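This is model25.cif. It holds mmCIF, C-alpha atoms.
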data_data
loop_
_atom_site.group_PDB
_atom_site.id
_atom_site.type_symbol
_atom_site.label_atom_id
_atom_site.label_comp_id
_atom_site.auth_asym_id
_atom_site.auth_seq_id
_atom_site.Cartn_x
_atom_site.Cartn_y
_atom_site.Cartn_z
ATOM 1 C CA MET A 1 2.225 9.548 -20.227
ATOM 2 C CA PRO A 2 3.193 6.848 -22.747
ATOM 3 C CA ARG A 3 1.536 7.189 -26.125
ATOM 4 C CA ALA A 4 0.126 4.227 -28.005
ATOM 5 C CA ARG A 5 -1.399 3.621 -31.380
ATOM 6 C CA VAL A 6 -3.936 0.883 -32.070
ATOM 7 C CA LEU A 7 -4.511 -0.311 -35.623
ATOM 8 C CA ILE A 8 -7.790 -2.116 -36.215
ATOM 9 C CA ARG A 9 -8.580 -3.944 -39.413
ATOM 10 C CA PRO A 10 -11.252 -6.329 -40.708
ATOM 11 C CA LYS A 11 -10.326 -9.955 -40.124
ATOM 12 C CA GLU A 12 -8.875 -11.954 -42.964
ATOM 13 C CA GLY A 13 -11.630 -13.641 -44.950
ATOM 14 C CA ILE A 14 -14.376 -11.184 -44.022
ATOM 15 C CA LEU A 15 -15.595 -9.250 -47.037
ATOM 16 C CA ASP A 16 -14.297 -5.675 -46.842
ATOM 17 C CA PRO A 17 -16.373 -3.701 -49.341
ATOM 18 C CA GLN A 18 -14.619 -0.431 -48.465
ATOM 19 C CA GLY A 19 -11.261 -1.930 -49.327
ATOM 20 C CA LYS A 20 -12.718 -3.331 -52.566
ATOM 21 C CA ALA A 21 -14.164 0.046 -53.530
ATOM 22 C CA VAL A 22 -10.803 1.752 -53.012
ATOM 23 C CA GLU A 23 -9.042 -1.023 -54.902
ATOM 24 C CA ARG A 24 -11.387 -0.629 -57.861
ATOM 25 C CA ALA A 25 -11.007 3.146 -57.892
ATOM 26 C CA LEU A 26 -7.208 3.127 -58.138
ATOM 27 C CA PRO A 27 -6.796 1.858 -61.722
ATOM 28 C CA ALA A 28 -9.227 4.543 -62.894
ATOM 29 C CA LEU A 29 -6.740 7.089 -61.556
ATOM 30 C CA GLY A 30 -3.851 5.447 -63.340
ATOM 31 C CA PHE A 31 -2.437 3.497 -60.381
ATOM 32 C CA GLU A 32 -1.691 -0.056 -61.483
ATOM 33 C CA GLY A 33 -0.459 -3.181 -59.723
ATOM 34 C CA ILE A 34 -2.344 -2.702 -56.458
ATOM 35 C CA GLU A 35 -4.300 -5.444 -54.736
ATOM 36 C CA HIS A 36 -5.604 -6.619 -51.344
ATOM 37 C CA VAL A 37 -6.632 -3.156 -50.159
ATOM 38 C CA HIS A 38 -8.171 -3.144 -46.681
ATOM 39 C CA VAL A 39 -9.616 -0.160 -44.855
ATOM 40 C CA GLY A 40 -9.387 -0.122 -41.072
ATOM 41 C CA ARG A 41 -9.253 2.325 -38.202
ATOM 42 C CA MET A 42 -6.523 3.902 -36.132
ATOM 43 C CA VAL A 43 -6.872 5.017 -32.522
ATOM 44 C CA GLU A 44 -4.122 6.995 -30.757
ATOM 45 C CA LEU A 45 -4.146 7.429 -27.016
ATOM 46 C CA ASP A 46 -2.046 8.312 -23.994
ATOM 47 C CA VAL A 47 -2.168 5.574 -21.417
ATOM 48 C CA GLU A 48 -0.695 5.559 -17.941
ATOM 49 C CA ASP A 49 -0.468 1.790 -17.725
ATOM 50 C CA PRO A 50 0.180 0.208 -21.156
ATOM 51 C CA ASP A 51 -0.666 -3.200 -19.677
ATOM 52 C CA GLN A 52 -4.311 -2.183 -19.983
ATOM 53 C CA LEU A 53 -4.099 -1.807 -23.746
ATOM 54 C CA ALA A 54 -4.935 -5.374 -24.739
ATOM 55 C CA ALA A 55 -7.954 -5.481 -22.442
ATOM 56 C CA LEU A 56 -9.350 -2.196 -23.667
ATOM 57 C CA CYS A 57 -8.895 -3.291 -27.276
ATOM 58 C CA GLU A 58 -10.765 -6.516 -26.601
ATOM 59 C CA LYS A 59 -13.539 -4.775 -24.730
ATOM 60 C CA LEU A 60 -14.142 -1.627 -26.736
ATOM 61 C CA LEU A 61 -11.736 -0.488 -29.462
ATOM 62 C CA ALA A 62 -12.092 -3.638 -31.556
ATOM 63 C CA ASN A 63 -14.763 -6.284 -31.922
ATOM 64 C CA PRO A 64 -12.573 -9.413 -31.772
ATOM 65 C CA LEU A 65 -15.203 -11.413 -33.663
ATOM 66 C CA ILE A 66 -14.742 -9.375 -36.830
ATOM 67 C CA GLU A 67 -11.585 -7.326 -36.338
ATOM 68 C CA ASP A 68 -7.882 -7.838 -35.634
ATOM 69 C CA TYR A 69 -5.922 -5.216 -33.774
ATOM 70 C CA GLU A 70 -2.300 -4.338 -33.360
ATOM 71 C CA ILE A 71 -0.884 -2.234 -30.546
ATOM 72 C CA GLU A 72 2.134 -0.016 -31.171
ATOM 73 C CA GLN A 73 3.724 1.740 -28.240
ATOM 74 C CA LEU A 74 5.112 5.056 -29.400
ATOM 75 C CA ASP A 75 7.629 7.351 -27.678
ATOM 76 C CA GLY A 76 10.521 5.512 -29.278
ATOM 77 C CA ALA A 77 9.393 2.131 -28.015
ATOM 78 C CA ALA A 78 7.532 1.406 -31.264
ATOM 79 C CA MET B 1 -48.116 -6.013 -20.093
ATOM 80 C CA ARG B 2 -45.730 -3.077 -20.057
ATOM 81 C CA TRP B 3 -42.900 -2.488 -22.520
ATOM 82 C CA GLY B 4 -39.829 -0.403 -21.864
ATOM 83 C CA VAL B 5 -38.244 1.221 -24.902
ATOM 84 C CA LEU B 6 -34.648 2.331 -24.398
ATOM 85 C CA GLN B 7 -33.636 5.790 -25.474
ATOM 86 C CA PHE B 8 -29.984 6.626 -26.113
ATOM 87 C CA PRO B 9 -28.603 9.929 -27.312
ATOM 88 C CA GLY B 10 -28.944 9.389 -31.070
ATOM 89 C CA SER B 11 -31.875 6.961 -30.961
ATOM 90 C CA CYS B 12 -34.478 7.970 -33.527
ATOM 91 C CA ASP B 13 -37.106 5.207 -33.687
ATOM 92 C CA GLU B 14 -38.028 4.957 -30.023
ATOM 93 C CA ARG B 15 -41.325 6.828 -30.369
ATOM 94 C CA ASP B 16 -42.513 4.622 -33.210
ATOM 95 C CA ALA B 17 -41.561 1.630 -31.068
ATOM 96 C CA VAL B 18 -43.667 2.950 -28.159
ATOM 97 C CA ASN B 19 -46.551 3.458 -30.575
ATOM 98 C CA ALA B 20 -46.163 -0.084 -31.944
ATOM 99 C CA CYS B 21 -46.192 -1.575 -28.440
ATOM 100 C CA GLN B 22 -49.337 0.384 -27.595
ATOM 101 C CA ARG B 23 -51.032 -0.820 -30.762
ATOM 102 C CA THR B 24 -50.654 -4.393 -29.541
ATOM 103 C CA GLY B 25 -52.773 -3.357 -26.558
ATOM 104 C CA ALA B 26 -49.872 -3.064 -24.126
ATOM 105 C CA GLU B 27 -48.521 -0.132 -22.155
ATOM 106 C CA ALA B 28 -45.138 1.316 -23.021
ATOM 107 C CA ARG B 29 -42.715 3.886 -21.676
ATOM 108 C CA LEU B 30 -39.336 5.261 -22.651
ATOM 109 C CA VAL B 31 -36.314 4.229 -20.576
ATOM 110 C CA TRP B 32 -33.521 6.828 -20.639
ATOM 111 C CA HIS B 33 -30.063 5.307 -21.155
ATOM 112 C CA GLU B 34 -28.918 6.411 -17.689
ATOM 113 C CA GLU B 35 -31.739 4.524 -15.952
ATOM 114 C CA ARG B 36 -30.593 1.378 -14.240
ATOM 115 C CA ASP B 37 -34.005 0.178 -13.038
ATOM 116 C CA LEU B 38 -36.377 -1.819 -15.245
ATOM 117 C CA GLY B 39 -38.854 -2.402 -12.413
ATOM 118 C CA GLY B 40 -42.399 -3.007 -13.646
ATOM 119 C CA ILE B 41 -41.280 -3.663 -17.208
ATOM 120 C CA ASP B 42 -42.250 -6.980 -18.808
ATOM 121 C CA ALA B 43 -40.465 -6.648 -22.158
ATOM 122 C CA VAL B 44 -37.779 -4.386 -23.610
ATOM 123 C CA VAL B 45 -37.201 -2.816 -27.015
ATOM 124 C CA VAL B 46 -33.718 -1.637 -27.938
ATOM 125 C CA PRO B 47 -34.714 0.676 -30.783
ATOM 126 C CA GLY B 48 -33.127 1.889 -33.988
ATOM 127 C CA GLY B 49 -31.128 5.008 -34.600
ATOM 128 C CA PHE B 50 -27.515 5.988 -34.161
ATOM 129 C CA SER B 51 -26.809 5.538 -30.459
ATOM 130 C CA TYR B 52 -23.915 7.732 -29.314
ATOM 131 C CA GLY B 53 -23.432 8.694 -32.955
ATOM 132 C CA ASP B 54 -22.439 5.100 -33.754
ATOM 133 C CA TYR B 55 -18.882 6.227 -33.021
ATOM 134 C CA LEU B 56 -16.208 3.519 -33.206
ATOM 135 C CA ARG B 57 -18.690 0.834 -34.343
ATOM 136 C CA ALA B 58 -22.471 0.809 -34.442
ATOM 137 C CA GLY B 59 -23.705 -0.099 -30.970
ATOM 138 C CA ALA B 60 -20.224 -0.344 -29.454
ATOM 139 C CA ILE B 61 -20.645 2.439 -26.907
ATOM 140 C CA ALA B 62 -24.358 1.995 -26.154
ATOM 141 C CA ARG B 63 -23.715 -1.482 -24.809
ATOM 142 C CA PHE B 64 -21.900 0.012 -21.801
ATOM 143 C CA SER B 65 -24.787 2.273 -20.765
ATOM 144 C CA PRO B 66 -26.477 1.705 -17.385
ATOM 145 C CA ALA B 67 -29.741 0.825 -19.143
ATOM 146 C CA MET B 68 -27.983 -1.890 -21.163
ATOM 147 C CA GLU B 69 -26.470 -3.342 -17.988
ATOM 148 C CA ALA B 70 -30.011 -3.633 -16.696
ATOM 149 C CA VAL B 71 -31.157 -5.182 -19.987
ATOM 150 C CA SER B 72 -28.381 -7.792 -19.810
ATOM 151 C CA GLU B 73 -29.586 -8.866 -16.366
ATOM 152 C CA PHE B 74 -33.206 -8.759 -17.527
ATOM 153 C CA ALA B 75 -32.381 -10.979 -20.525
ATOM 154 C CA ALA B 76 -30.341 -13.385 -18.406
ATOM 155 C CA ALA B 77 -33.395 -13.808 -16.176
ATOM 156 C CA GLY B 78 -35.474 -14.762 -19.244
ATOM 157 C CA GLY B 79 -37.075 -11.380 -19.910
ATOM 158 C CA PRO B 80 -38.066 -10.823 -23.541
ATOM 159 C CA VAL B 81 -35.915 -8.327 -25.469
ATOM 160 C CA LEU B 82 -36.407 -7.071 -29.018
ATOM 161 C CA GLY B 83 -33.541 -5.285 -30.778
ATOM 162 C CA ILE B 84 -34.347 -3.424 -33.966
ATOM 163 C CA CYS B 85 -31.664 -2.235 -36.386
ATOM 164 C CA ASN B 86 -29.253 -0.244 -34.196
ATOM 165 C CA GLY B 87 -30.778 -2.156 -31.276
ATOM 166 C CA PHE B 88 -29.801 -5.418 -32.996
ATOM 167 C CA GLN B 89 -26.265 -4.048 -33.383
ATOM 168 C CA VAL B 90 -26.211 -3.109 -29.688
ATOM 169 C CA LEU B 91 -27.366 -6.596 -28.646
ATOM 170 C CA CYS B 92 -24.661 -8.219 -30.795
ATOM 171 C CA GLU B 93 -21.982 -5.914 -29.359
ATOM 172 C CA ALA B 94 -23.257 -6.753 -25.876
ATOM 173 C CA GLY B 95 -22.949 -10.465 -26.595
ATOM 174 C CA LEU B 96 -26.670 -11.031 -26.024
ATOM 175 C CA LEU B 97 -26.991 -12.164 -29.636
ATOM 176 C CA PRO B 98 -24.450 -13.995 -31.786
ATOM 177 C CA GLY B 99 -22.632 -12.479 -34.753
ATOM 178 C CA ALA B 100 -22.067 -8.919 -35.900
ATOM 179 C CA LEU B 101 -23.508 -6.429 -38.365
ATOM 180 C CA LEU B 102 -21.086 -5.163 -41.007
ATOM 181 C CA ARG B 103 -21.223 -2.491 -43.672
ATOM 182 C CA ASN B 104 -23.732 -3.317 -46.434
ATOM 183 C CA LYS B 105 -22.046 -5.229 -49.223
ATOM 184 C CA ASN B 106 -22.764 -2.534 -51.803
ATOM 185 C CA LEU B 107 -21.711 0.258 -49.384
ATOM 186 C CA ARG B 108 -25.039 2.033 -49.920
ATOM 187 C CA PHE B 109 -27.522 3.041 -47.268
ATOM 188 C CA LEU B 110 -30.625 0.937 -47.810
ATOM 189 C CA CYS B 111 -34.088 2.429 -47.367
ATOM 190 C CA ARG B 112 -37.021 0.496 -48.776
ATOM 191 C CA GLN B 113 -39.774 -2.033 -48.100
ATOM 192 C CA LEU B 114 -38.409 -5.561 -47.633
ATOM 193 C CA THR B 115 -39.977 -9.014 -47.592
ATOM 194 C CA LEU B 116 -39.096 -11.175 -44.612
ATOM 195 C CA HIS B 117 -39.809 -14.857 -44.181
ATOM 196 C CA GLU B 118 -40.649 -15.987 -40.699
ATOM 197 C CA VAL B 119 -38.706 -18.980 -39.455
ATOM 198 C CA PRO B 120 -40.725 -20.158 -36.488
ATOM 199 C CA SER B 121 -39.010 -21.643 -33.486
ATOM 200 C CA GLY B 122 -39.141 -21.969 -29.756
ATOM 201 C CA GLN B 123 -40.869 -19.319 -27.771
ATOM 202 C CA PHE B 124 -41.410 -16.754 -30.467
ATOM 203 C CA THR B 125 -43.851 -18.725 -32.605
ATOM 204 C CA THR B 126 -45.436 -22.131 -32.808
ATOM 205 C CA PRO B 127 -43.061 -25.033 -32.188
ATOM 206 C CA GLY B 128 -41.303 -26.575 -35.168
ATOM 207 C CA ARG B 129 -37.630 -25.810 -34.985
ATOM 208 C CA GLY B 130 -36.016 -24.655 -38.196
ATOM 209 C CA GLU B 131 -39.196 -25.240 -40.126
ATOM 210 C CA LEU B 132 -39.560 -22.963 -43.150
ATOM 211 C CA THR B 133 -42.863 -21.238 -43.636
ATOM 212 C CA THR B 134 -44.459 -19.284 -46.384
ATOM 213 C CA ARG B 135 -45.434 -16.617 -43.900
ATOM 214 C CA ARG B 136 -44.068 -13.381 -45.302
ATOM 215 C CA LEU B 137 -43.871 -9.999 -43.648
ATOM 216 C CA SER B 138 -43.650 -6.700 -45.489
ATOM 217 C CA ILE B 139 -41.465 -4.463 -43.335
ATOM 218 C CA PRO B 140 -39.216 -1.530 -44.238
ATOM 219 C CA GLY B 141 -35.471 -1.608 -43.831
ATOM 220 C CA LYS B 142 -33.178 1.403 -43.469
ATOM 221 C CA HIS B 143 -29.560 0.831 -42.607
ATOM 222 C CA GLY B 144 -25.987 1.180 -43.781
ATOM 223 C CA GLU B 145 -24.531 -1.568 -41.615
ATOM 224 C CA GLY B 146 -26.918 -4.483 -41.797
ATOM 225 C CA ARG B 147 -24.840 -7.301 -43.228
ATOM 226 C CA PHE B 148 -25.222 -10.080 -40.668
ATOM 227 C CA TRP B 149 -22.031 -12.042 -40.276
ATOM 228 C CA ALA B 150 -20.894 -14.883 -38.031
ATOM 229 C CA PRO B 151 -18.286 -17.627 -38.467
ATOM 230 C CA GLU B 152 -19.511 -20.572 -40.542
ATOM 231 C CA GLY B 153 -19.627 -22.868 -37.502
ATOM 232 C CA VAL B 154 -21.800 -20.373 -35.633
ATOM 233 C CA LEU B 155 -24.138 -20.042 -38.625
ATOM 234 C CA ASP B 156 -24.506 -23.825 -38.739
ATOM 235 C CA ALA B 157 -25.295 -23.887 -35.020
ATOM 236 C CA LEU B 158 -27.848 -21.067 -35.398
ATOM 237 C CA GLU B 159 -29.657 -22.956 -38.126
ATOM 238 C CA ALA B 160 -29.508 -26.282 -36.321
ATOM 239 C CA GLY B 161 -30.732 -24.703 -33.083
ATOM 240 C CA GLY B 162 -33.628 -22.869 -34.686
ATOM 241 C CA GLN B 163 -32.122 -19.473 -33.889
ATOM 242 C CA VAL B 164 -32.654 -17.950 -37.322
ATOM 243 C CA ALA B 165 -35.830 -15.908 -36.872
ATOM 244 C CA TYR B 166 -36.229 -14.100 -40.195
ATOM 245 C CA ARG B 167 -34.707 -14.412 -43.631
ATOM 246 C CA TYR B 168 -34.766 -12.166 -46.653
ATOM 247 C CA THR B 169 -36.287 -13.684 -49.755
ATOM 248 C CA PRO B 170 -33.532 -15.714 -51.449
ATOM 249 C CA GLY B 171 -32.214 -13.664 -54.363
ATOM 250 C CA GLU B 172 -33.390 -10.431 -52.747
ATOM 251 C CA ASN B 173 -30.843 -10.214 -49.959
ATOM 252 C CA PRO B 174 -30.472 -6.423 -49.688
ATOM 253 C CA ASN B 175 -27.184 -6.121 -47.795
ATOM 254 C CA GLY B 176 -25.138 -9.291 -48.271
ATOM 255 C CA SER B 177 -26.149 -10.924 -44.975
ATOM 256 C CA ALA B 178 -24.854 -14.451 -44.475
ATOM 257 C CA ARG B 179 -27.438 -17.058 -45.523
ATOM 258 C CA ASP B 180 -30.053 -14.332 -46.122
ATOM 259 C CA ILE B 181 -30.428 -13.888 -42.355
ATOM 260 C CA ALA B 182 -32.454 -10.811 -41.367
ATOM 261 C CA GLY B 183 -32.982 -11.645 -37.691
ATOM 262 C CA VAL B 184 -31.763 -14.075 -35.033
ATOM 263 C CA ARG B 185 -32.719 -15.230 -31.554
ATOM 264 C CA ASN B 186 -30.476 -16.150 -28.666
ATOM 265 C CA GLU B 187 -30.200 -19.759 -27.599
ATOM 266 C CA ALA B 188 -32.833 -19.420 -24.864
ATOM 267 C CA GLY B 189 -35.250 -17.799 -27.327
ATOM 268 C CA ASN B 190 -36.061 -14.698 -25.267
ATOM 269 C CA VAL B 191 -33.844 -12.224 -27.131
ATOM 270 C CA LEU B 192 -34.619 -11.372 -30.758
ATOM 271 C CA GLY B 193 -32.811 -8.981 -33.067
ATOM 272 C CA LEU B 194 -33.585 -7.962 -36.629
ATOM 273 C CA MET B 195 -32.403 -5.280 -39.032
ATOM 274 C CA PRO B 196 -35.754 -4.291 -40.640
ATOM 275 C CA HIS B 197 -38.133 -2.051 -38.703
ATOM 276 C CA PRO B 198 -41.380 -3.694 -37.542
ATOM 277 C CA GLU B 199 -42.289 -0.496 -35.638
ATOM 278 C CA HIS B 200 -42.679 1.278 -38.989
ATOM 279 C CA ALA B 201 -45.172 -1.323 -40.253
ATOM 280 C CA VAL B 202 -48.072 -0.988 -37.816
ATOM 281 C CA ASP B 203 -50.609 1.138 -39.703
ATOM 282 C CA PRO B 204 -52.470 0.446 -42.965
ATOM 283 C CA LEU B 205 -51.745 4.052 -43.907
ATOM 284 C CA THR B 206 -48.105 3.138 -44.495
ATOM 285 C CA GLY B 207 -48.885 -0.057 -46.381
ATOM 286 C CA SER B 208 -48.426 -2.868 -43.851
ATOM 287 C CA THR B 209 -49.312 -3.881 -40.320
ATOM 288 C CA ASP B 210 -47.065 -6.957 -40.408
ATOM 289 C CA GLY B 211 -44.697 -5.400 -37.878
ATOM 290 C CA LEU B 212 -47.242 -5.961 -35.108
ATOM 291 C CA ARG B 213 -46.625 -9.705 -35.424
ATOM 292 C CA VAL B 214 -43.023 -9.204 -34.379
ATOM 293 C CA PHE B 215 -44.002 -7.316 -31.209
ATOM 294 C CA GLU B 216 -46.730 -9.838 -30.423
ATOM 295 C CA ALA B 217 -44.312 -12.737 -30.851
ATOM 296 C CA VAL B 218 -41.785 -11.181 -28.463
ATOM 297 C CA ALA B 219 -44.538 -10.367 -25.954
ATOM 298 C CA ALA B 220 -45.692 -13.999 -26.137
ATOM 299 C CA ALA B 221 -42.147 -15.098 -25.317
ATOM 300 C CA GLY B 222 -42.536 -13.100 -22.100
ATOM 301 C CA VAL B 223 -45.746 -14.877 -21.188
ATOM 302 C CA ALA B 224 -43.969 -18.200 -21.638
ATOM 303 C CA ALA B 225 -40.941 -17.105 -19.588
#

Give the structure from this file in structure tokens form.
Amino acid sequence: MPRARVLIRPKEGILDPQGKAVERALPALGFEGIEHVHVGRMVELDVEDPDQLAALCEKLLANPLIEDYEIEQLDGAA
Amino acid sequence: MRWGVLQFPGSCDERDAVNACQRTGAEARLVWHEERDLGGIDAVVVPGGFSYGDYLRAGAIARFSPAMEAVSEFAAAGGPVLGICNGFQVLCEAGLLPGALLRNKNLRFLCRQLTLHEVPSGQFTTPGRGELTTRRLSIPGKHGEGRFWAPEGVLDALEAGGQVAYRYTPGENPNGSARDIAGVRNEAGNVLGLMPHPEHAVDPLTGSTDGLRVFEAVAAAGVAA
């Protein structure tokens, strides 16, 4: 069954306090020159019919009001 | 008057909600998430907790339960629905209320008494759309994902349409909610959601009975419907 990976991230312009917290922590560990950190979610799944992916992202995996998603089809097709 | 209080795996405030409904003089019963029949129920509470473990996003999975399908039909027919905390998140995910609830701005779980300002409008209180009042309610809040967010245009429409139901005291916004919004109504006025917990403010023993006003207001919306 084809494997797919869905990346879900907060929409541009929506405050992402998790990303900010990570961004602020990095200099304390000696990592410099890092900005625009965003924390999202990744879902991997096997799907018989990849044409369903967009619909299932819209309906459940992401909340399109606040999140963007990206579908990667794996198994070499990525 | 009979309330139905939904109960999902992971709900934790449903019994306090039943108690609150009963203290307004009404009857109340729990509605298991697999029930599809709301027969005999005049008003619904979608209670707080962590439905289905809040996996994926708070409220995202609960919205597909049979009981929520029934609630969507009930709300569409004008039935009064009150969503509290996780219930508010469920109603937003279900599209019964506008906007979404995001992680608190400071990333901390909030658990303390809050002051809410009633914004009366439509069916829930006396007429006077958008009118600000000095009526304050002392009600506890406890949540990690309570930052109300909606696009600017939607926020403008909510304010213009009298759909903002409760605000936090300006300067004391506990979670970073847009425009200090603590609770909103749908356009028709029969669905109300708020992050703080009116069901925990119904007994003088715990410092406030202001929460009863919220239940009474939603019940009154049912009488009008």

Up to 9 Å from (-28.8, -1.1, -14.2) in the file's coordinates: name the residues, counting only C-alpha atoms, as a PDB file with C-alpha atoms, in the coordinates of the input.
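Output saved as result_11.pdb:
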ATOM      1  CA  GLU B  34     -28.918   6.411 -17.689  1.00  0.00           C
ATOM      2  CA  GLU B  35     -31.739   4.524 -15.952  1.00  0.00           C
ATOM      3  CA  ARG B  36     -30.593   1.378 -14.240  1.00  0.00           C
ATOM      4  CA  ASP B  37     -34.005   0.178 -13.038  1.00  0.00           C
ATOM      5  CA  LEU B  38     -36.377  -1.819 -15.245  1.00  0.00           C
ATOM      6  CA  SER B  65     -24.787   2.273 -20.765  1.00  0.00           C
ATOM      7  CA  PRO B  66     -26.477   1.705 -17.385  1.00  0.00           C
ATOM      8  CA  ALA B  67     -29.741   0.825 -19.143  1.00  0.00           C
ATOM      9  CA  MET B  68     -27.983  -1.890 -21.163  1.00  0.00           C
ATOM     10  CA  GLU B  69     -26.470  -3.342 -17.988  1.00  0.00           C
ATOM     11  CA  ALA B  70     -30.011  -3.633 -16.696  1.00  0.00           C
ATOM     12  CA  VAL B  71     -31.157  -5.182 -19.987  1.00  0.00           C
ATOM     13  CA  SER B  72     -28.381  -7.792 -19.810  1.00  0.00           C
ATOM     14  CA  GLU B  73     -29.586  -8.866 -16.366  1.00  0.00           C
TER      15      GLU B  73
END

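Against this structure, the PyMOL selection byres ((chain A and resi 69) around 10) ends up with Val6, Leu7, Ile8, Arg9, Pro10, Lys11, Gly40, Arg41, Met42, Ala54, Cys57, Glu58, Leu61, Ala62, Asn63, Pro64, Glu67, Asp68, Glu70, Ile71 and Glu72 of chain A.
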
Writer output for current selection, C-alpha atoms, as a PDB file, in the frame of the given file:
ATOM      1  CA  VAL A   6      -3.936   0.883 -32.070  1.00  0.00           C
ATOM      2  CA  LEU A   7      -4.511  -0.311 -35.623  1.00  0.00           C
ATOM      3  CA  ILE A   8      -7.790  -2.116 -36.215  1.00  0.00           C
ATOM      4  CA  ARG A   9      -8.580  -3.944 -39.413  1.00  0.00           C
ATOM      5  CA  PRO A  10     -11.252  -6.329 -40.708  1.00  0.00           C
ATOM      6  CA  LYS A  11     -10.326  -9.955 -40.124  1.00  0.00           C
ATOM      7  CA  GLY A  40      -9.387  -0.122 -41.072  1.00  0.00           C
ATOM      8  CA  ARG A  41      -9.253   2.325 -38.202  1.00  0.00           C
ATOM      9  CA  MET A  42      -6.523   3.902 -36.132  1.00  0.00           C
ATOM     10  CA  ALA A  54      -4.935  -5.374 -24.739  1.00  0.00           C
ATOM     11  CA  CYS A  57      -8.895  -3.291 -27.276  1.00  0.00           C
ATOM     12  CA  GLU A  58     -10.765  -6.516 -26.601  1.00  0.00           C
ATOM     13  CA  LEU A  61     -11.736  -0.488 -29.462  1.00  0.00           C
ATOM     14  CA  ALA A  62     -12.092  -3.638 -31.556  1.00  0.00           C
ATOM     15  CA  ASN A  63     -14.763  -6.284 -31.922  1.00  0.00           C
ATOM     16  CA  PRO A  64     -12.573  -9.413 -31.772  1.00  0.00           C
ATOM     17  CA  GLU A  67     -11.585  -7.326 -36.338  1.00  0.00           C
ATOM     18  CA  ASP A  68      -7.882  -7.838 -35.634  1.00  0.00           C
ATOM     19  CA  GLU A  70      -2.300  -4.338 -33.360  1.00  0.00           C
ATOM     20  CA  ILE A  71      -0.884  -2.234 -30.546  1.00  0.00           C
ATOM     21  CA  GLU A  72       2.134  -0.016 -31.171  1.00  0.00           C
TER      22      GLU A  72
END

- Task: Pull out every residue of chain A that has at least one atom within 8 Å of chain B, counting all atoms listed in the file, and report them as number ranges by chain.
- Result: A: 15, 17-18, 60-61, 63, 65-66

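One finds CA of Ala20 (chain B) at 6.2 Å from CA of Val202 (chain B).
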
- Can you give me, as a PyMOL selection string, the residues this file yields under the PyMOL selection byres ((chain B and resi 83-89) around 7)? chain B and resi 45-50+58-59+81-82+90-93+100-101+192-197

All file atoms of region 55-61 of chain A boxed axis-aligned, 4 Å per side, centre plus edges, as JSON:
{"center_x": -11.0, "center_y": -3.5, "center_z": -26.0, "size_x": 14.2, "size_y": 14.0, "size_z": 15.0}

- Message: Quick check on the file I pasted: which residues fall under the PyMOL selection byres ((chain B and resi 174) around 9)? Write them as a list of chain:residue names.
- Response: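 Listing what the PyMOL selection byres ((chain B and resi 174) around 9) selects in the shown file: B:Asn104, B:Lys105, B:Asn106, B:Leu110, B:Leu114, B:Gly146, B:Arg147, B:Tyr168, B:Gly171, B:Glu172, B:Asn173, B:Asn175, B:Gly176, B:Ser177, B:Asp180.
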
- Message: Need the shell around region 211-215 of chain B: protein/DNA/RNA residues with any atom at most 8 Å away, counting only C-alpha atoms. Skip same-chain ones fewer than 3 positions apart. Format as an MDAnalysis selection string?
- Response: chainID B and resid 20:21 23:24 82 137:139 197:202 208 218:219

- Message: Just to confirm, what's the straight-line distance from CA of Asp46 (chain A) to CA of Arg3 (chain A) in Å (one decimal)?
- Response: 4.3 Å

- Item | Long-range neighbours of Asp156 (chain B) as a list in words, 12 Å cut-off, only C-alpha atoms, 6 positions minimum in chain |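 The neighbour list is Gly130, Ala150, Gly162, Gln163, Val164, Ala178 and Arg179 of chain B.
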
- Message: For a quick check of understanding, using only C-alpha atoms, which of B:Leu116, B:Gly153, B:Phe109, B:Ala75 has the smallest distance to Ala221 (chain B)?
- Response: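 Smallest separation from Ala221 (chain B) among the options: B:Ala75.
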
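In this model, the gap between CA of Met1 (chain B) and CA of Gln22 (chain B) comes to 9.9 Å.
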